[in-house]
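Coordinates as given in target_33.tsv (TSV, C-alpha atoms):
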```tsv
chain	number	residue	atom	x	y	z
A	1	MET	CA	0.00	0.00	0.00
A	2	GLU	CA	2.81	2.38	0.92
A	3	GLU	CA	4.67	1.52	-2.29
A	4	SER	CA	1.51	2.19	-4.32
A	5	ALA	CA	1.03	5.55	-2.65
A	6	LEU	CA	4.67	6.39	-3.32
A	7	ASN	CA	4.27	5.57	-7.02
A	8	ILE	CA	1.16	7.73	-7.22
A	9	SER	CA	3.06	10.53	-5.52
A	10	LYS	CA	5.89	10.19	-8.00
A	11	GLY	CA	3.54	9.99	-10.97
A	12	TRP	CA	1.42	12.99	-10.03
A	13	GLY	CA	3.77	15.15	-8.01
A	14	PRO	CA	4.10	18.87	-8.86
A	15	SER	CA	7.43	18.56	-10.69
A	16	LEU	CA	6.35	15.66	-12.92
A	17	LEU	CA	2.92	17.19	-13.51
A	18	SER	CA	4.69	20.40	-14.47
A	19	LYS	CA	6.87	18.56	-16.99
A	20	ARG	CA	3.84	16.87	-18.52
A	21	ILE	CA	1.82	20.08	-18.87
A	22	TRP	CA	4.50	22.73	-19.42
A	23	GLY	CA	7.68	20.83	-20.22
A	24	SER	CA	9.31	22.91	-17.47
A	25	LYS	CA	11.53	22.25	-14.48
A	26	HIS	CA	9.44	24.80	-12.53
A	27	SER	CA	6.43	23.55	-10.57
A	28	TRP	CA	3.02	24.14	-12.13
A	29	LEU	CA	2.11	26.35	-9.15
A	30	TYR	CA	5.13	28.58	-9.81
A	31	VAL	CA	4.40	28.71	-13.54
A	32	VAL	CA	0.85	29.92	-12.86
A	33	LEU	CA	1.59	32.13	-9.85
A	34	PHE	CA	4.45	34.05	-11.49
A	35	PRO	CA	2.39	35.57	-14.37
A	36	VAL	CA	-0.58	36.18	-12.04
A	37	MET	CA	1.60	38.22	-9.66
A	38	ALA	CA	3.27	40.03	-12.59
A	39	LEU	CA	-0.14	40.94	-14.03
A	40	ILE	CA	-1.49	42.18	-10.70
A	41	ALA	CA	1.64	44.23	-9.94
A	42	SER	CA	1.76	45.83	-13.41
A	43	ARG	CA	-1.94	46.75	-13.35
A	44	LEU	CA	-1.60	48.25	-9.88
A	45	ILE	CA	1.19	50.44	-11.24
A	46	LEU	CA	-1.04	51.51	-14.15
A	47	CYS	CA	-3.82	52.25	-11.65
A	48	LEU	CA	-1.42	54.45	-9.64
A	49	LEU	CA	-0.33	56.31	-12.79
A	50	CYS	CA	-3.97	56.89	-13.69
A	51	HIS	CA	-4.73	58.23	-10.20
A	52	MET	CA	-1.69	60.54	-10.33
A	53	GLN	CA	-2.87	61.97	-13.64
A	54	ASP	CA	-6.55	62.40	-12.76
A	55	PRO	CA	-7.78	61.28	-9.29
A	56	GLU	CA	-11.36	62.18	-10.22
A	57	VAL	CA	-11.70	59.44	-12.85
A	58	ASP	CA	-11.73	55.75	-11.95
A	59	PHE	CA	-9.04	53.50	-13.43
A	60	VAL	CA	-11.23	51.22	-15.56
A	61	SER	CA	-13.16	54.11	-17.13
A	62	LYS	CA	-9.92	55.88	-18.02
A	63	MET	CA	-8.24	52.72	-19.30
A	64	CYS	CA	-11.18	51.70	-21.50
A	65	SER	CA	-12.34	55.09	-22.84
A	66	ILE	CA	-9.37	56.40	-24.83
A	67	TRP	CA	-8.69	56.35	-28.57
A	68	ASP	CA	-10.15	53.30	-30.34
A	69	ASN	CA	-11.65	51.97	-27.11
A	70	ASN	CA	-14.72	54.01	-27.93
A	71	TRP	CA	-15.10	52.41	-31.35
A	72	TYR	CA	-15.02	48.97	-29.74
A	73	TYR	CA	-17.45	50.17	-27.07
A	74	GLY	CA	-19.80	51.32	-29.81
A	75	VAL	CA	-19.69	47.87	-31.43
A	76	ILE	CA	-20.40	46.19	-28.09
A	77	TYR	CA	-23.19	48.60	-27.20
A	78	ASP	CA	-24.92	49.24	-30.54
A	79	GLY	CA	-23.44	46.76	-33.02
A	80	TYR	CA	-22.33	47.93	-36.46
A	81	PRO	CA	-23.98	50.89	-38.24
A	82	ASN	CA	-25.51	50.67	-41.72
A	83	GLU	CA	-23.54	53.68	-42.95
A	84	PRO	CA	-20.62	55.91	-41.87
A	85	THR	CA	-21.39	58.61	-39.30
A	86	GLY	CA	-18.14	58.95	-37.35
A	87	HIS	CA	-15.47	61.69	-37.40
A	88	ALA	CA	-16.22	65.33	-38.12
A	89	GLU	CA	-16.59	64.50	-41.81
A	90	GLY	CA	-19.09	61.71	-41.11
A	91	ASN	CA	-17.00	59.29	-43.18
A	92	ALA	CA	-15.92	56.79	-40.50
A	93	ALA	CA	-17.62	53.64	-39.25
A	94	ALA	CA	-16.79	50.81	-36.85
A	95	TRP	CA	-16.51	48.27	-39.70
A	96	ALA	CA	-12.71	48.41	-39.41
A	97	PHE	CA	-12.96	46.85	-35.93
A	98	PHE	CA	-13.49	43.10	-36.03
A	99	PRO	CA	-16.27	41.54	-33.94
A	100	LEU	CA	-14.94	38.57	-31.93
A	101	ASP	CA	-13.69	40.38	-28.82
A	102	ALA	CA	-16.75	42.66	-28.76
A	103	MET	CA	-19.06	39.64	-29.04
A	104	LEU	CA	-17.36	37.89	-26.12
A	105	ILE	CA	-17.53	41.01	-23.95
A	106	ARG	CA	-21.24	41.39	-24.68
A	107	ILE	CA	-21.86	37.72	-23.87
A	108	PHE	CA	-19.92	37.79	-20.60
A	109	SER	CA	-21.59	41.05	-19.55
A	110	ILE	CA	-24.87	39.11	-19.91
A	111	ASN	CA	-26.06	41.47	-22.62
A	112	GLY	CA	-25.25	44.60	-20.66
A	113	ARG	CA	-26.33	43.49	-17.19
A	114	PHE	CA	-22.76	44.21	-16.11
A	115	ASP	CA	-20.89	47.30	-17.27
A	116	TYR	CA	-19.32	46.72	-20.69
A	117	ARG	CA	-16.05	48.48	-19.89
A	118	THR	CA	-15.57	46.65	-16.58
A	119	THR	CA	-16.41	43.33	-18.22
A	120	GLY	CA	-14.02	44.06	-21.10
A	121	PHE	CA	-11.25	45.05	-18.69
A	122	ILE	CA	-11.59	41.85	-16.67
A	123	LEU	CA	-12.06	39.58	-19.68
A	124	ASN	CA	-9.11	40.97	-21.65
A	125	ASN	CA	-6.84	40.70	-18.61
A	126	LEU	CA	-7.88	37.04	-18.31
A	127	PHE	CA	-7.14	36.56	-22.02
A	128	PHE	CA	-3.72	38.14	-21.43
A	129	LEU	CA	-3.02	35.82	-18.49
A	130	ALA	CA	-4.05	32.78	-20.55
A	131	GLY	CA	-1.91	34.11	-23.41
A	132	VAL	CA	1.31	34.39	-21.39
A	133	LEU	CA	0.69	30.96	-19.85
A	134	ALA	CA	0.26	29.52	-23.34
A	135	SER	CA	3.39	31.42	-24.41
A	136	TYR	CA	5.33	29.80	-21.58
A	137	LYS	CA	4.37	26.39	-22.94
A	138	TYR	CA	5.16	27.41	-26.52
A	139	ILE	CA	8.61	28.71	-25.60
A	140	LEU	CA	9.36	25.43	-23.82
A	141	LEU	CA	8.14	23.49	-26.87
A	142	THR	CA	10.25	25.43	-29.36
A	143	ARG	CA	13.18	26.94	-27.41
A	144	LYS	CA	13.34	24.76	-24.28
A	145	ASP	CA	14.37	27.79	-22.24
A	146	ALA	CA	12.34	28.40	-19.08
A	147	ASN	CA	14.32	31.54	-18.18
A	148	LEU	CA	13.51	33.08	-21.57
A	149	ALA	CA	9.84	32.35	-20.85
A	150	LEU	CA	9.97	34.14	-17.49
A	151	ILE	CA	11.68	37.22	-18.97
A	152	TYR	CA	9.06	37.21	-21.73
A	153	ILE	CA	6.26	37.24	-19.13
A	154	LEU	CA	7.84	40.19	-17.32
A	155	LEU	CA	8.35	42.14	-20.54
A	156	MET	CA	4.78	41.54	-21.69
A	157	SER	CA	3.42	42.53	-18.26
A	158	PHE	CA	5.56	45.61	-17.60
A	159	GLY	CA	7.01	46.57	-20.97
A	160	PRO	CA	6.00	49.22	-23.51
A	161	TYR	CA	2.34	49.05	-24.59
A	162	CYS	CA	1.38	46.76	-21.68
A	163	PHE	CA	-1.75	48.90	-21.22
A	164	TYR	CA	-3.13	47.75	-24.59
A	165	PHE	CA	-3.66	44.27	-23.09
A	166	SER	CA	-6.07	45.58	-20.44
A	167	CYS	CA	-8.43	47.82	-22.39
A	168	LEU	CA	-11.13	47.17	-24.99
A	169	TYR	CA	-8.59	46.60	-27.75
A	170	THR	CA	-8.18	43.12	-29.28
A	171	GLU	CA	-4.50	42.71	-28.33
A	172	SER	CA	-4.98	40.18	-25.50
A	173	LEU	CA	-7.32	37.92	-27.43
A	174	PHE	CA	-5.20	38.15	-30.58
A	175	MET	CA	-2.02	37.24	-28.70
A	176	LEU	CA	-3.72	34.29	-26.97
A	177	LEU	CA	-5.16	32.90	-30.21
A	178	THR	CA	-1.87	33.41	-32.10
A	179	ILE	CA	0.10	31.42	-29.54
A	180	CYS	CA	-2.59	28.70	-29.44
A	181	VAL	CA	-2.40	28.35	-33.24
A	182	PHE	CA	1.38	27.94	-33.08
A	183	ILE	CA	1.19	25.43	-30.21
A	184	GLU	CA	-1.30	23.24	-32.07
A	185	MET	CA	0.70	23.59	-35.29
A	186	GLN	CA	3.89	22.56	-33.48
A	187	GLN	CA	2.15	19.52	-32.00
A	188	GLU	CA	0.47	18.67	-35.33
A	189	HIS	CA	-3.05	19.01	-33.92
A	190	TYR	CA	-4.26	20.56	-37.14
A	191	ILE	CA	-8.03	20.60	-36.51
A	192	ARG	CA	-7.55	22.45	-33.22
A	193	MET	CA	-5.10	24.72	-35.04
A	194	GLY	CA	-7.84	25.49	-37.57
A	195	ILE	CA	-10.40	26.30	-34.85
A	196	PHE	CA	-8.03	28.75	-33.16
A	197	GLY	CA	-7.10	30.15	-36.59
A	198	LEU	CA	-10.77	30.70	-37.47
A	199	LEU	CA	-11.21	32.68	-34.25
A	200	LEU	CA	-7.97	34.57	-34.95
A	201	SER	CA	-9.17	35.78	-38.36
A	202	GLY	CA	-12.44	36.84	-36.73
A	203	CYS	CA	-10.48	38.84	-34.17
A	204	ARG	CA	-8.41	40.89	-36.62
A	205	ALA	CA	-7.93	40.81	-40.39
A	206	THR	CA	-4.18	40.19	-40.03
A	207	GLY	CA	-4.96	36.89	-38.32
A	208	THR	CA	-5.67	35.44	-41.76
A	209	PHE	CA	-1.95	35.63	-42.58
A	210	VAL	CA	-1.34	32.67	-40.26
A	211	VAL	CA	-2.32	30.53	-43.27
A	212	PHE	CA	1.08	31.40	-44.73
A	213	SER	CA	2.70	30.49	-41.41
A	214	VAL	CA	1.20	27.01	-41.72
A	215	LEU	CA	2.44	26.66	-45.30
A	216	ILE	CA	5.99	27.72	-44.39
A	217	PHE	CA	6.00	25.45	-41.31
A	218	ILE	CA	5.01	22.40	-43.40
A	219	ILE	CA	7.57	23.18	-46.11
A	220	LYS	CA	10.38	23.60	-43.56
A	221	LYS	CA	9.34	20.37	-41.86
A	222	HIS	CA	9.69	18.43	-45.11
A	223	ILE	CA	12.97	20.16	-45.97
A	224	SER	CA	14.37	18.99	-42.63
A	225	LYS	CA	13.36	15.43	-43.56
A	226	LYS	CA	15.06	15.87	-46.95
A	227	SER	CA	11.99	14.49	-48.68
A	228	ARG	CA	11.45	15.02	-52.39
A	229	PHE	CA	8.92	17.48	-53.76
A	230	LEU	CA	6.51	14.77	-54.93
A	231	GLU	CA	6.67	13.12	-51.50
A	232	PHE	CA	5.97	16.49	-49.87
A	233	LEU	CA	3.03	17.06	-52.21
A	234	LYS	CA	1.60	13.59	-51.58
A	235	ASP	CA	2.01	13.79	-47.79
A	236	THR	CA	0.41	17.23	-47.69
A	237	MET	CA	-2.52	16.50	-49.98
A	238	THR	CA	-3.36	13.25	-48.16
A	239	ASN	CA	-3.19	14.82	-44.71
A	240	LYS	CA	-6.89	15.54	-44.23
A	241	PRO	CA	-6.60	17.18	-40.78
A	242	LEU	CA	-3.93	19.55	-42.14
A	243	LEU	CA	-6.02	20.50	-45.19
A	244	ILE	CA	-9.22	20.94	-43.18
A	245	GLY	CA	-7.48	22.88	-40.40
A	246	THR	CA	-5.73	25.21	-42.85
A	247	CYS	CA	-8.93	25.87	-44.81
A	248	MET	CA	-10.74	26.71	-41.55
A	249	ILE	CA	-8.40	29.61	-40.72
A	250	PRO	CA	-9.83	32.31	-43.04
A	251	ALA	CA	-13.43	31.32	-42.20
A	252	GLY	CA	-13.62	33.95	-39.45
A	253	LEU	CA	-12.76	36.67	-41.95
A	254	PHE	CA	-15.18	35.27	-44.56
A	255	LEU	CA	-18.03	35.20	-42.03
A	256	TYR	CA	-17.41	38.84	-41.16
A	257	MET	CA	-17.23	39.74	-44.86
A	258	PHE	CA	-20.56	37.99	-45.44
A	259	TYR	CA	-22.10	39.92	-42.52
A	260	LEU	CA	-20.80	43.25	-43.90
A	261	TYR	CA	-22.18	42.39	-47.35
A	262	LYS	CA	-25.63	41.79	-45.86
A	263	LEU	CA	-25.35	44.99	-43.77
A	264	THR	CA	-23.78	47.42	-46.23
A	265	GLY	CA	-23.62	45.71	-49.61
A	266	ASP	CA	-19.80	45.84	-49.46
A	267	SER	CA	-18.00	42.71	-48.22
A	268	LEU	CA	-14.73	44.69	-48.03
A	269	ALA	CA	-16.21	47.59	-46.07
A	270	PHE	CA	-13.72	46.88	-43.23
A	271	ALA	CA	-10.86	47.73	-45.63
A	272	HIS	CA	-12.49	50.55	-47.61
A	273	ILE	CA	-13.44	52.47	-44.44
A	274	GLU	CA	-9.72	52.73	-43.52
A	275	LEU	CA	-9.57	55.79	-45.79
A	276	ALA	CA	-11.41	57.69	-43.04
A	277	TRP	CA	-8.22	57.35	-40.97
A	278	GLY	CA	-6.04	58.55	-43.85
A	279	ARG	CA	-4.67	55.10	-44.67
A	280	GLU	CA	-3.99	55.09	-48.37
A	281	ALA	CA	-1.18	53.89	-50.62
A	282	LYS	CA	1.76	56.24	-50.00
A	283	ALA	CA	4.64	53.79	-49.90
A	284	PHE	CA	6.82	56.03	-52.05
A	285	GLU	CA	6.72	58.61	-49.25
A	286	LEU	CA	8.17	56.23	-46.67
A	287	ILE	CA	11.85	57.17	-47.09
A	288	PRO	CA	11.19	60.95	-46.94
A	289	PHE	CA	8.92	60.32	-43.94
A	290	ILE	CA	11.69	58.47	-42.09
A	291	GLY	CA	14.18	61.22	-42.94
A	292	LYS	CA	11.87	63.96	-41.64
A	293	SER	CA	11.16	61.94	-38.47
A	294	LEU	CA	14.85	61.48	-37.67
A	295	LEU	CA	15.45	65.23	-38.06
A	296	SER	CA	12.38	66.09	-36.00
A	297	THR	CA	12.56	67.46	-32.46
A	298	GLU	CA	9.35	65.60	-31.57
A	299	PHE	CA	9.86	62.50	-29.42
A	300	VAL	CA	7.07	60.54	-31.09
A	301	ASP	CA	8.56	60.97	-34.58
A	302	VAL	CA	11.99	59.66	-33.60
A	303	TYR	CA	10.35	56.94	-31.50
A	304	GLU	CA	8.32	55.59	-34.45
A	305	VAL	CA	11.45	55.18	-36.58
A	306	ALA	CA	13.38	53.61	-33.67
A	307	VAL	CA	10.64	51.01	-33.22
A	308	LEU	CA	10.68	50.23	-36.95
A	309	PHE	CA	14.47	49.74	-36.77
A	310	ILE	CA	14.16	47.37	-33.76
A	311	VAL	CA	11.47	45.34	-35.52
A	312	ILE	CA	13.65	44.99	-38.64
A	313	VAL	CA	16.73	43.96	-36.60
A	314	THR	CA	14.66	41.40	-34.67
A	315	LEU	CA	13.21	40.11	-37.93
A	316	ILE	CA	16.72	39.54	-39.35
A	317	PHE	CA	17.60	37.51	-36.24
A	318	HIS	CA	14.26	35.69	-36.18
A	319	VAL	CA	13.61	34.90	-39.83
A	320	LYS	CA	16.19	32.15	-40.36
A	321	ARG	CA	15.02	29.79	-37.61
A	322	TYR	CA	11.36	30.75	-37.25
A	323	LEU	CA	10.24	32.17	-40.58
A	324	HIS	CA	6.67	30.93	-40.01
A	325	GLU	CA	6.40	33.06	-36.85
A	326	THR	CA	7.64	36.26	-38.48
A	327	ILE	CA	4.72	36.29	-40.97
A	328	LEU	CA	2.33	37.36	-38.21
A	329	TYR	CA	4.13	40.63	-37.55
A	330	ILE	CA	6.11	41.42	-40.68
A	331	VAL	CA	3.04	41.56	-42.96
A	332	PRO	CA	1.16	44.07	-40.74
A	333	VAL	CA	4.37	46.09	-40.38
A	334	VAL	CA	4.76	46.22	-44.16
A	335	LEU	CA	1.14	47.33	-44.43
A	336	GLN	CA	1.97	50.21	-42.09
A	337	PHE	CA	4.19	51.57	-44.87
A	338	PHE	CA	0.92	52.54	-46.59
A	339	SER	CA	-0.14	54.56	-43.55
A	340	PRO	CA	0.56	58.23	-42.76
A	341	SER	CA	2.09	57.07	-39.46
A	342	LEU	CA	4.27	54.21	-38.20
A	343	LEU	CA	2.64	54.18	-34.76
A	344	GLY	CA	0.99	50.83	-35.50
A	345	VAL	CA	4.36	49.10	-35.95
A	346	ALA	CA	4.93	48.57	-32.21
A	347	ARG	CA	1.35	47.61	-31.51
A	348	TYR	CA	1.05	45.08	-34.34
A	349	SER	CA	4.38	43.44	-33.55
A	350	ILE	CA	4.17	43.29	-29.75
A	351	GLY	CA	0.54	42.16	-29.96
A	352	THR	CA	1.50	38.89	-31.65
A	353	GLY	CA	3.57	37.67	-28.71
A	354	VAL	CA	6.01	35.87	-31.03
A	355	PHE	CA	7.85	39.12	-31.79
A	356	VAL	CA	8.60	39.63	-28.09
A	357	ILE	CA	9.76	36.02	-27.79
A	358	ALA	CA	12.19	36.63	-30.67
A	359	PHE	CA	13.32	39.98	-29.21
A	360	VAL	CA	14.14	38.46	-25.81
A	361	GLU	CA	15.88	35.52	-27.48
A	362	MET	CA	17.96	37.92	-29.58
A	363	LEU	CA	19.09	39.85	-26.51
A	364	LYS	CA	19.97	36.64	-24.65
A	365	THR	CA	21.98	35.41	-27.62
A	366	HIS	CA	23.97	38.54	-28.45
A	367	LEU	CA	24.24	40.64	-25.25
A	368	SER	CA	25.91	40.13	-21.92
A	369	LYS	CA	23.74	39.91	-18.82
A	370	THR	CA	24.73	43.44	-17.83
A	371	ALA	CA	23.77	44.80	-21.25
A	372	GLN	CA	20.46	42.92	-21.10
A	373	ILE	CA	19.67	44.51	-17.74
A	374	VAL	CA	20.41	47.97	-19.19
A	375	VAL	CA	18.05	47.31	-22.14
A	376	TYR	CA	15.26	46.05	-19.90
A	377	ALA	CA	15.68	49.01	-17.54
A	378	PHE	CA	15.39	51.35	-20.53
A	379	LEU	CA	12.24	49.54	-21.70
A	380	LEU	CA	10.68	49.90	-18.25
A	381	MET	CA	11.39	53.63	-18.30
A	382	LEU	CA	9.91	53.84	-21.80
A	383	SER	CA	6.86	51.91	-20.60
A	384	PHE	CA	6.37	54.46	-17.81
A	385	ILE	CA	6.53	57.34	-20.31
A	386	LEU	CA	4.11	55.71	-22.75
A	387	SER	CA	1.68	54.77	-19.97
A	388	MET	CA	1.63	58.32	-18.64
A	389	SER	CA	1.12	59.58	-22.18
A	390	TRP	CA	-1.84	57.18	-22.54
A	391	PHE	CA	-3.53	58.70	-19.50
A	392	MET	CA	-2.48	62.33	-20.05
A	393	ARG	CA	-2.78	63.03	-23.76
A	394	ARG	CA	-6.34	61.91	-24.49
A	395	PRO	CA	-9.58	62.85	-22.71
A	396	ILE	CA	-11.99	60.05	-21.89
A	397	THR	CA	-15.33	59.69	-23.62
A	398	ILE	CA	-18.02	57.97	-21.63
A	399	GLY	CA	-21.04	56.87	-23.64
```

Would you mind writing the file's structure down as structure tokens?
Amino acid sequence: MEESALNISKGWGPSLLSKRIWGSKHSWLYVVLFPVMALIASRLILCLLCHMQDPEVDFVSKMCSIWDNNWYYGVIYDGYPNEPTGHAEGNAAAWAFFPLDAMLIRIFSINGRFDYRTTGFILNNLFFLAGVLASYKYILLTRKDANLALIYILLMSFGPYCFYFSCLYTESLFMLLTICVFIEMQQEHYIRMGIFGLLLSGCRATGTFVVFSVLIFIIKKHISKKSRFLEFLKDTMTNKPLLIGTCMIPAGLFLYMFYLYKLTGDSLAFAHIELAWGREAKAFELIPFIGKSLLSTEFVDVYEVAVLFIVIVTLIFHVKRYLHETILYIVPVVLQFFSPSLLGVARYSIGTGVFVIAFVEMLKTHLSKTAQIVVYAFLLMLSFILSMSWFMRRPITIG
């Protein structure tokens, strides 16, 4: 009896259970507790910054009522309009903002019984927590480096743009679904990969690009096996779960396009309405724009170009080993070249999760521990500046 109990203890003890679930030397309790404490601490700091800026406004209202938060709130509260009415020119509409996160917030608020902003704040923080836990597992699957995973969690929780993961934006859900797609792809669970991919493309249009990640992943896998092209073609075309899962990915986008067609008569209304934000093809102006920004005395101009440079350097490091991951952030970054601003570069790269994994891995590979500490300290200072700017620069709109 004692021997049986000992075997059970060995089979289901914290360390072995942790290895089975996470592939980590750390106990499962530590793996869960660490990101929970990081999330709580970082959000308390944001709450303090909010109170310092404006003690009259509560934290959740301020966090979830700035910039595009109000567009998402409008989708949650009223759904999508039949025609543009937004902006002073009356040429903007919420069609550019995809529905999945808004739908979930409305459902969990029990159709408005609980405040939408409070529900969204809580739900998106839970998505973020689930996302960094999934990221921990993914890093162990692909890099086998638990310390990298812990640094990643700290950087996501305290680093620049951490506030995006707590408001009504889609960043938390998008990051969670992206990592889940890559985990299932890595483990060859292609139907589950397709389900997460479907949700991803219903969360944001750029989620559809994960189809190309799947294609590159499969090609690289066969190259590593040194199989011939005809063998690759046969294996791929006879792998029904892979074909079904891959074809499921854009279904979220197609469903939204069908809805917009029924609502407005334009299935691409989500793309066409971007003109209301001044996003039109101006790629030939990119080089002059970068030159003007570097010569500017405005912090934000220099900052935008610096972020673009960091993304490109990280991409160069990342692309050789994990080309399939880079697709999720390099395509949106390239699309930013057709925008009058590069502000979206940081948001669309950090929001994938995989960019931050690659960035931390690059620092660990090429910098000494002292240099890494200096970089992380700088990023924390930058996070403080950006967070204060978030609370100070824009008035809230409650509606």

**Study point:** Among listed residues A:His272, A:Arg117, A:His189, A:Lys234, nearest Leu260 of chain A (using all atoms listed in the file)
**Key:**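 Result for the nearest residue to Leu260 of chain A: A:His272.
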
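With all atoms listed in the file as the basis for measurement, A:Ile151 is the residue among A:Val302, A:Cys247, A:Met63, A:Ile151 that approaches Ile373 of chain A most closely.
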
Review point. So which one's closest to Ala358 of chain A, A:Phe212, A:Gly79, A:Leu154, A:Thr142? Using only C-alpha atoms, please.
Key: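 For Ala358 of chain A, the nearest of the candidates is A:Thr142.
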
**Study point:** Spatial neighbours of Ala38 of chain A, 8 Å, all atoms listed in the file, chain gap at least 6 places, as a PyMOL selection string
**Key:** chain A and resi 153-154+157-158

Practice item. Pick out the residues sitting within 6 Å of segment 172-188 of chain A, and hand them over as number ranges by chain; count all atoms listed in the file, and ignore anything fewer than 6 positions along from it in its own chain. Key: A: 124, 127-128, 131, 138, 165, 196, 200, 351-353

Check your understanding: Mind pulling up the distance from atom CA of Leu242 of chain A to atom CA of Met193 of chain A?
Key ->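 Calculated distance between atom CA of Met193 of chain A and atom CA of Leu242 of chain A is 8.9 Å.
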
Env of Glu325 of chain A: 9 Å cut, atoms = only C-alpha atoms, seq-sep filter 6 positions within chain, self excluded. Answer as a PDB file with C-alpha atoms, in the frame of the given file.
```
ATOM      1  CA  PHE A 182       1.380  27.940 -33.080  1.00  0.00           C
ATOM      2  CA  VAL A 210      -1.340  32.670 -40.260  1.00  0.00           C
ATOM      3  CA  SER A 213       2.700  30.490 -41.410  1.00  0.00           C
ATOM      4  CA  PHE A 217       6.000  25.450 -41.310  1.00  0.00           C
ATOM      5  CA  HIS A 318      14.260  35.690 -36.180  1.00  0.00           C
ATOM      6  CA  VAL A 319      13.610  34.900 -39.830  1.00  0.00           C
ATOM      7  CA  VAL A 354       6.010  35.870 -31.030  1.00  0.00           C
ATOM      8  CA  PHE A 355       7.850  39.120 -31.790  1.00  0.00           C
TER       9      PHE A 355
END
```

Practice item. Work out how far atom CA of Ser42 of chain A is from atom CA of Thr119 of chain A, in Å to one decimal. Key: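 Taking atom CA of Thr119 of chain A as the start and atom CA of Ser42 of chain A as the end point, the length is 19.0 Å.
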
Point to revise | A:Ala205, A:Leu155, A:Val31, A:Ile107 ranked by distance to Ala134 of chain A, top pick (using only C-alpha atoms) | key: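 Selected residue with least distance to Ala134 of chain A: A:Val31.
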
Point to revise | atom CA of Leu255 of chain A to atom CA of Gly74 of chain A, straight-line distance in Å | key: 20.3 Å

Practice item. For each of A:Lys369, A:Lys262, A:Lys226, A:Arg204, take the minimum atom-to-atom distance to Tyr348 of chain A, counting all atoms listed in the file, then give the residue where this is smallest. Key: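 The shortest atom-to-atom distance to Tyr348 of chain A comes from A:Arg204.
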
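Minimum distance to Trp277 of chain A across A:Ala96, A:Ser61, A:Tyr30, A:Leu215 (counting only C-alpha atoms) occurs at A:Ala96.
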
Let me know the centre plus edge lengths, in Å and rounded to one decimal, of a box with edges along x, y and z that contains all listed atoms of segment 314-321 of chain A and is padded by 6 Å on every side, as JSON.
```
{"center_x": 15.4, "center_y": 35.6, "center_z": -37.5, "size_x": 16.4, "size_y": 23.6, "size_z": 17.7}
```
